[in-house]
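Have a look at query18.pdb below; it lists PDB, C-alpha atoms.
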ATOM      1  CA  MET X  19     106.654  98.265 118.874  1.00  0.00           C
ATOM      2  CA  SER X  20     104.704  99.597 121.815  1.00  0.00           C
ATOM      3  CA  LEU X  21     105.353 103.015 123.258  1.00  0.00           C
ATOM      4  CA  THR X  22     106.320 101.402 126.554  1.00  0.00           C
ATOM      5  CA  ASP X  23     109.198  99.560 124.945  1.00  0.00           C
ATOM      6  CA  SER X  24     111.917 102.060 125.802  1.00  0.00           C
ATOM      7  CA  GLN X  25     114.675 100.261 123.886  1.00  0.00           C
ATOM      8  CA  ALA X  26     112.668 100.361 120.657  1.00  0.00           C
ATOM      9  CA  LEU X  27     111.798 104.017 121.249  1.00  0.00           C
ATOM     10  CA  VAL X  28     115.446 104.958 121.805  1.00  0.00           C
ATOM     11  CA  THR X  29     116.408 103.082 118.637  1.00  0.00           C
ATOM     12  CA  LEU X  30     113.659 104.830 116.683  1.00  0.00           C
ATOM     13  CA  VAL X  31     114.680 108.281 117.938  1.00  0.00           C
ATOM     14  CA  ALA X  32     118.320 107.567 117.084  1.00  0.00           C
ATOM     15  CA  ALA X  33     117.386 106.329 113.605  1.00  0.00           C
ATOM     16  CA  LEU X  34     115.216 109.385 112.934  1.00  0.00           C
ATOM     17  CA  ALA X  35     118.007 111.716 114.049  1.00  0.00           C
ATOM     18  CA  ILE X  36     120.488 109.982 111.756  1.00  0.00           C
ATOM     19  CA  VAL X  37     118.097 110.071 108.792  1.00  0.00           C
ATOM     20  CA  ALA X  38     117.349 113.746 109.473  1.00  0.00           C
ATOM     21  CA  GLY X  39     121.084 114.378 109.621  1.00  0.00           C
ATOM     22  CA  LEU X  40     121.608 112.744 106.239  1.00  0.00           C
ATOM     23  CA  ALA X  41     118.782 114.855 104.834  1.00  0.00           C
ATOM     24  CA  GLY X  42     120.407 117.887 106.450  1.00  0.00           C
ATOM     25  CA  VAL X  43     123.214 117.709 103.920  1.00  0.00           C
ATOM     26  CA  VAL X  44     120.882 119.274 101.349  1.00  0.00           C
ATOM     27  CA  VAL X  45     118.255 120.954 103.556  1.00  0.00           C
ATOM     28  CA  PRO X  46     119.348 124.332 104.926  1.00  0.00           C
ATOM     29  CA  GLY X  47     118.857 124.719 108.639  1.00  0.00           C
ATOM     30  CA  LEU X  48     119.376 121.063 109.547  1.00  0.00           C
ATOM     31  CA  PRO X  49     122.824 120.483 111.041  1.00  0.00           C
ATOM     32  CA  ALA X  50     123.719 117.256 109.260  1.00  0.00           C
ATOM     33  CA  LEU X  51     126.619 115.779 111.185  1.00  0.00           C
ATOM     34  CA  PRO X  52     125.546 117.018 114.631  1.00  0.00           C
ATOM     35  CA  LEU X  53     122.171 115.332 114.099  1.00  0.00           C
ATOM     36  CA  CYS X  54     123.811 112.062 113.081  1.00  0.00           C
ATOM     37  CA  TRP X  55     126.130 112.220 116.076  1.00  0.00           C
ATOM     38  CA  GLY X  56     123.236 113.168 118.359  1.00  0.00           C
ATOM     39  CA  GLY X  57     121.352 110.066 117.258  1.00  0.00           C
ATOM     40  CA  VAL X  58     124.306 107.880 118.215  1.00  0.00           C
ATOM     41  CA  LEU X  59     124.674 109.790 121.492  1.00  0.00           C
ATOM     42  CA  VAL X  60     121.011 109.203 122.415  1.00  0.00           C
ATOM     43  CA  TRP X  61     121.401 105.519 121.590  1.00  0.00           C
ATOM     44  CA  ALA X  62     124.619 105.233 123.630  1.00  0.00           C
ATOM     45  CA  LEU X  63     123.212 107.054 126.657  1.00  0.00           C
ATOM     46  CA  PHE X  64     119.729 105.593 126.806  1.00  0.00           C
ATOM     47  CA  GLY X  65     120.008 102.338 124.896  1.00  0.00           C
ATOM     48  CA  GLU X  66     120.593  99.021 126.562  1.00  0.00           C
ATOM     49  CA  ALA X  67     123.418  97.857 124.311  1.00  0.00           C
ATOM     50  CA  GLY X  68     126.581  96.549 125.902  1.00  0.00           C
ATOM     51  CA  PRO X  69     129.805  98.406 126.523  1.00  0.00           C
ATOM     52  CA  GLY X  70     130.499  98.406 122.788  1.00  0.00           C
ATOM     53  CA  ARG X  71     128.095 101.344 122.482  1.00  0.00           C
ATOM     54  CA  TRP X  72     130.786 103.619 123.906  1.00  0.00           C
ATOM     55  CA  ALA X  73     133.232 102.460 121.250  1.00  0.00           C
ATOM     56  CA  VAL X  74     130.585 103.197 118.605  1.00  0.00           C
ATOM     57  CA  LEU X  75     130.038 106.674 120.088  1.00  0.00           C
ATOM     58  CA  ALA X  76     133.797 107.315 120.182  1.00  0.00           C
ATOM     59  CA  ALA X  77     134.204 106.194 116.563  1.00  0.00           C
ATOM     60  CA  ALA X  78     131.215 108.305 115.493  1.00  0.00           C
ATOM     61  CA  THR X  79     132.735 111.308 117.282  1.00  0.00           C
ATOM     62  CA  VAL X  80     136.037 110.857 115.431  1.00  0.00           C
ATOM     63  CA  VAL X  81     134.197 110.554 112.099  1.00  0.00           C
ATOM     64  CA  VAL X  82     132.044 113.647 112.752  1.00  0.00           C
ATOM     65  CA  VAL X  83     134.961 115.813 113.866  1.00  0.00           C
ATOM     66  CA  GLY X  84     137.134 114.585 111.008  1.00  0.00           C
ATOM     67  CA  GLY X  85     134.326 115.010 108.485  1.00  0.00           C
ATOM     68  CA  THR X  86     133.628 118.540 109.668  1.00  0.00           C
ATOM     69  CA  VAL X  87     137.285 119.545 109.426  1.00  0.00           C
ATOM     70  CA  VAL X  88     137.704 117.984 105.970  1.00  0.00           C
ATOM     71  CA  LYS X  89     134.387 119.471 104.807  1.00  0.00           C
ATOM     72  CA  TYR X  90     135.762 122.974 105.271  1.00  0.00           C
ATOM     73  CA  LEU X  91     139.482 122.573 104.616  1.00  0.00           C
ATOM     74  CA  TRP X  92     139.538 120.536 101.405  1.00  0.00           C
ATOM     75  CA  PRO X  93     137.093 122.643  99.316  1.00  0.00           C
ATOM     76  CA  GLY X  94     138.458 125.845 100.866  1.00  0.00           C
ATOM     77  CA  ARG X  95     141.987 124.948  99.816  1.00  0.00           C
ATOM     78  CA  ASN X  96     140.785 124.293  96.272  1.00  0.00           C
ATOM     79  CA  LEU X  97     138.975 127.649  96.162  1.00  0.00           C
ATOM     80  CA  LYS X  98     141.992 129.538  97.484  1.00  0.00           C
ATOM     81  CA  ARG X  99     144.110 127.959  94.780  1.00  0.00           C
ATOM     82  CA  THR X 100     141.673 129.098  92.076  1.00  0.00           C
ATOM     83  CA  GLY X 101     141.260 132.590  93.553  1.00  0.00           C
ATOM     84  CA  VAL X 102     137.535 132.615  94.404  1.00  0.00           C
ATOM     85  CA  PRO X 103     137.110 134.980  97.389  1.00  0.00           C
ATOM     86  CA  THR X 104     135.007 134.261 100.463  1.00  0.00           C
ATOM     87  CA  SER X 105     132.763 137.247  99.678  1.00  0.00           C
ATOM     88  CA  SER X 106     131.569 135.544  96.489  1.00  0.00           C
ATOM     89  CA  LEU X 107     130.754 132.390  98.426  1.00  0.00           C
ATOM     90  CA  LEU X 108     128.864 134.398 101.029  1.00  0.00           C
ATOM     91  CA  ALA X 109     126.840 136.087  98.277  1.00  0.00           C
ATOM     92  CA  GLY X 110     126.063 132.668  96.818  1.00  0.00           C
ATOM     93  CA  GLY X 111     125.114 131.291 100.220  1.00  0.00           C
ATOM     94  CA  LEU X 112     122.791 134.177 101.009  1.00  0.00           C
ATOM     95  CA  LEU X 113     121.065 134.076  97.641  1.00  0.00           C
ATOM     96  CA  GLY X 114     120.899 130.293  97.865  1.00  0.00           C
ATOM     97  CA  LEU X 115     119.105 130.558 101.196  1.00  0.00           C
ATOM     98  CA  VAL X 116     116.662 133.119  99.790  1.00  0.00           C
ATOM     99  CA  GLY X 117     116.189 130.986  96.680  1.00  0.00           C
ATOM    100  CA  PHE X 118     115.417 127.916  98.810  1.00  0.00           C
ATOM    101  CA  PHE X 119     112.359 129.651 100.245  1.00  0.00           C
ATOM    102  CA  VAL X 120     111.287 131.328  96.997  1.00  0.00           C
ATOM    103  CA  VAL X 121     111.595 128.196  94.848  1.00  0.00           C
ATOM    104  CA  PRO X 122     111.837 125.233  97.259  1.00  0.00           C
ATOM    105  CA  VAL X 123     114.870 122.933  96.855  1.00  0.00           C
ATOM    106  CA  VAL X 124     115.758 124.002  93.277  1.00  0.00           C
ATOM    107  CA  GLY X 125     116.019 127.627  94.396  1.00  0.00           C
ATOM    108  CA  LEU X 126     118.918 126.715  96.659  1.00  0.00           C
ATOM    109  CA  VAL X 127     121.087 125.726  93.709  1.00  0.00           C
ATOM    110  CA  LEU X 128     119.815 128.533  91.474  1.00  0.00           C
ATOM    111  CA  GLY X 129     120.375 131.140  94.175  1.00  0.00           C
ATOM    112  CA  PHE X 130     123.858 129.869  94.973  1.00  0.00           C
ATOM    113  CA  VAL X 131     124.930 129.838  91.329  1.00  0.00           C
ATOM    114  CA  GLY X 132     123.351 133.248  90.690  1.00  0.00           C
ATOM    115  CA  GLY X 133     124.875 134.783  93.797  1.00  0.00           C
ATOM    116  CA  VAL X 134     128.396 133.547  93.118  1.00  0.00           C
ATOM    117  CA  TRP X 135     128.160 134.477  89.462  1.00  0.00           C
ATOM    118  CA  ALA X 136     126.860 137.994  90.244  1.00  0.00           C
ATOM    119  CA  ALA X 137     129.558 138.612  92.855  1.00  0.00           C
ATOM    120  CA  GLU X 138     132.274 137.344  90.516  1.00  0.00           C
ATOM    121  CA  ARG X 139     130.829 139.375  87.613  1.00  0.00           C
ATOM    122  CA  LEU X 140     131.040 142.525  89.734  1.00  0.00           C
ATOM    123  CA  ARG X 141     134.537 141.673  90.942  1.00  0.00           C
ATOM    124  CA  LEU X 142     136.046 140.583  87.632  1.00  0.00           C
ATOM    125  CA  GLY X 143     134.057 142.742  85.234  1.00  0.00           C
ATOM    126  CA  SER X 144     133.148 140.175  82.581  1.00  0.00           C
ATOM    127  CA  HIS X 145     130.876 137.205  82.018  1.00  0.00           C
ATOM    128  CA  GLN X 146     133.733 135.130  80.598  1.00  0.00           C
ATOM    129  CA  LEU X 147     135.848 135.536  83.731  1.00  0.00           C
ATOM    130  CA  ALA X 148     132.958 135.123  86.181  1.00  0.00           C
ATOM    131  CA  TRP X 149     131.736 131.752  84.894  1.00  0.00           C
ATOM    132  CA  PRO X 150     134.919 129.700  85.593  1.00  0.00           C
ATOM    133  CA  SER X 151     134.965 131.056  89.155  1.00  0.00           C
ATOM    134  CA  THR X 152     131.321 130.094  89.547  1.00  0.00           C
ATOM    135  CA  VAL X 153     132.038 126.564  88.319  1.00  0.00           C
ATOM    136  CA  GLN X 154     134.898 126.267  90.822  1.00  0.00           C
ATOM    137  CA  ALA X 155     132.601 127.421  93.635  1.00  0.00           C
ATOM    138  CA  LEU X 156     130.002 124.835  92.579  1.00  0.00           C
ATOM    139  CA  LYS X 157     132.618 122.096  92.578  1.00  0.00           C
ATOM    140  CA  ALA X 158     133.754 123.146  96.046  1.00  0.00           C
ATOM    141  CA  ALA X 159     130.180 123.192  97.382  1.00  0.00           C
ATOM    142  CA  GLY X 160     129.544 119.777  95.869  1.00  0.00           C
ATOM    143  CA  LEU X 161     132.745 118.391  97.373  1.00  0.00           C
ATOM    144  CA  SER X 162     131.804 119.795 100.769  1.00  0.00           C
ATOM    145  CA  MET X 163     128.361 118.192 100.587  1.00  0.00           C
ATOM    146  CA  LEU X 164     129.844 114.892  99.457  1.00  0.00           C
ATOM    147  CA  VAL X 165     132.313 114.808 102.354  1.00  0.00           C
ATOM    148  CA  GLU X 166     129.534 115.659 104.814  1.00  0.00           C
ATOM    149  CA  PHE X 167     127.197 113.027 103.383  1.00  0.00           C
ATOM    150  CA  LEU X 168     129.865 110.325 103.388  1.00  0.00           C
ATOM    151  CA  ALA X 169     130.764 111.119 107.002  1.00  0.00           C
ATOM    152  CA  GLY X 170     127.066 110.847 107.887  1.00  0.00           C
ATOM    153  CA  VAL X 171     126.800 107.506 106.109  1.00  0.00           C
ATOM    154  CA  VAL X 172     129.850 106.219 107.988  1.00  0.00           C
ATOM    155  CA  VAL X 173     128.218 107.296 111.272  1.00  0.00           C
ATOM    156  CA  ALA X 174     125.022 105.493 110.245  1.00  0.00           C
ATOM    157  CA  VAL X 175     126.971 102.336 109.386  1.00  0.00           C
ATOM    158  CA  LEU X 176     128.790 102.483 112.721  1.00  0.00           C
ATOM    159  CA  TRP X 177     125.467 102.827 114.515  1.00  0.00           C
ATOM    160  CA  VAL X 178     123.911  99.882 112.647  1.00  0.00           C
ATOM    161  CA  ALA X 179     127.009  97.816 113.449  1.00  0.00           C
ATOM    162  CA  GLY X 180     126.573  98.828 117.067  1.00  0.00           C
ATOM    163  CA  LEU X 181     122.953  97.723 116.977  1.00  0.00           C
ATOM    164  CA  LEU X 182     123.925  94.347 115.587  1.00  0.00           C
ATOM    165  CA  PHE X 183     127.095  93.615 117.540  1.00  0.00           C
ATOM    166  CA  ALA X 184     127.214  95.763 120.708  1.00  0.00           C
TER
END
As a first step, turn the structure in this file into structure tokens.
Amino acid sequence: MSLTDSQALVTLVAALAIVAGLAGVVVPGLPALPLCWGGVLVWALFGEAGPGRWAVLAAATVVVVGGTVVKYLWPGRNLKRTGVPTSSLLAGGLLGLVGFFVVPVVGLVLGFVGGVWAAERLRLGSHQLAWPSTVQALKAAGLSMLVEFLAGVVVAVLWVAGLLFA
């Protein structure tokens, strides 16, 4: 690929954005689904694929919007049902973010677990009551990440299909 080959450059930029988006599921600060969608958008706007590129962009948009809605509603509904308050999740998120920079990657999980557990311990008053709430919060966070990752993978598959068939 030469740098003057604009089609290859557009494809490379789109691929890098999609890969960065998939990595953004676990890396704080990288907006996962917007990056994946942005890669498809760049490809649709500046690529030389046929009119099918707009169908790929439309499908990717539906997947990203749907994935974002499901990412928040499904785990949130499960947490409401179990009684874990938003304040505990915020404490976990803040400590997870701090932990990510103190102990890279592993600190994110440790900080989140510690933050939720500490907030629930203060709220409920015992270790035995705080741990089940913490486990529920972990399950919800994992479900949210799984939904986001799967939506990103679907966007990537749509884009590859667009490359091959559009």
**Message:** I want to know what sits within 10 Å of Val120 of chain X, based on all atoms listed in the file, with residues of the same chain fewer than 6 positions away left out; could you give that as a PyMOL selection string?
**Reply:** chain X and resi 114+126+129
**Request:** For segment 90-97 of chain X, please output as a list in words all residues within 7 Å (counting all atoms listed in the file; exclusion window: fewer than 4 positions along the same chain).
**Result:** Thr86, Gly101, Val102, Gln154, Ala155, Ala158, Leu161 and Ser162 of chain X
**Request:** Please evaluate the PyMOL selection byres ((chain X and resi 169) around 12) against the structure above and give the resulting residues as a ChimeraX atom specification.
**Result:** /X:36,39-40,43,50-55,77-89,162-168,170-176
**Message:** Can you tell me which residues surround Phe130 of chain X at a distance of at most 8 Å, considering only C-alpha atoms, apart from same-chain residues fewer than 4 positions away, and format the answer as a PyMOL selection string?
**Reply:** chain X and resi 109-115+117+126+134
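With all atoms listed in the file taken into account, every residue lying no more than 12 Å from the file point (126.8, 95.9, 114.0) is included here: Ala67, Gly68, Gly70, Arg71, Ala73, Val74, Val173, Ala174, Val175, Leu176, Trp177, Val178, Ala179, Gly180, Leu181, Leu182, Phe183 and Ala184 of chain X.
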Selection file, C-alpha atoms, as an mmCIF file, keeping the file's coordinate frame:
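Below is the file that was written, out24.cif:
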data_model
loop_
_atom_site.group_PDB
_atom_site.id
_atom_site.type_symbol
_atom_site.label_atom_id
_atom_site.label_comp_id
_atom_site.auth_asym_id
_atom_site.auth_seq_id
_atom_site.Cartn_x
_atom_site.Cartn_y
_atom_site.Cartn_z
ATOM 1 C CA ALA X 67 123.418 97.857 124.311
ATOM 2 C CA GLY X 68 126.581 96.549 125.902
ATOM 3 C CA GLY X 70 130.499 98.406 122.788
ATOM 4 C CA ARG X 71 128.095 101.344 122.482
ATOM 5 C CA ALA X 73 133.232 102.460 121.250
ATOM 6 C CA VAL X 74 130.585 103.197 118.605
ATOM 7 C CA VAL X 173 128.218 107.296 111.272
ATOM 8 C CA ALA X 174 125.022 105.493 110.245
ATOM 9 C CA VAL X 175 126.971 102.336 109.386
ATOM 10 C CA LEU X 176 128.790 102.483 112.721
ATOM 11 C CA TRP X 177 125.467 102.827 114.515
ATOM 12 C CA VAL X 178 123.911 99.882 112.647
ATOM 13 C CA ALA X 179 127.009 97.816 113.449
ATOM 14 C CA GLY X 180 126.573 98.828 117.067
ATOM 15 C CA LEU X 181 122.953 97.723 116.977
ATOM 16 C CA LEU X 182 123.925 94.347 115.587
ATOM 17 C CA PHE X 183 127.095 93.615 117.540
ATOM 18 C CA ALA X 184 127.214 95.763 120.708
#
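Taking atom CA of Gly42 of chain X and atom CA of Val121 of chain X as the two end points, the separation is 17.8 Å.
For the pair atom CA of Ser106 of chain X and atom CA of Leu156 of chain X, the separation is 11.5 Å.
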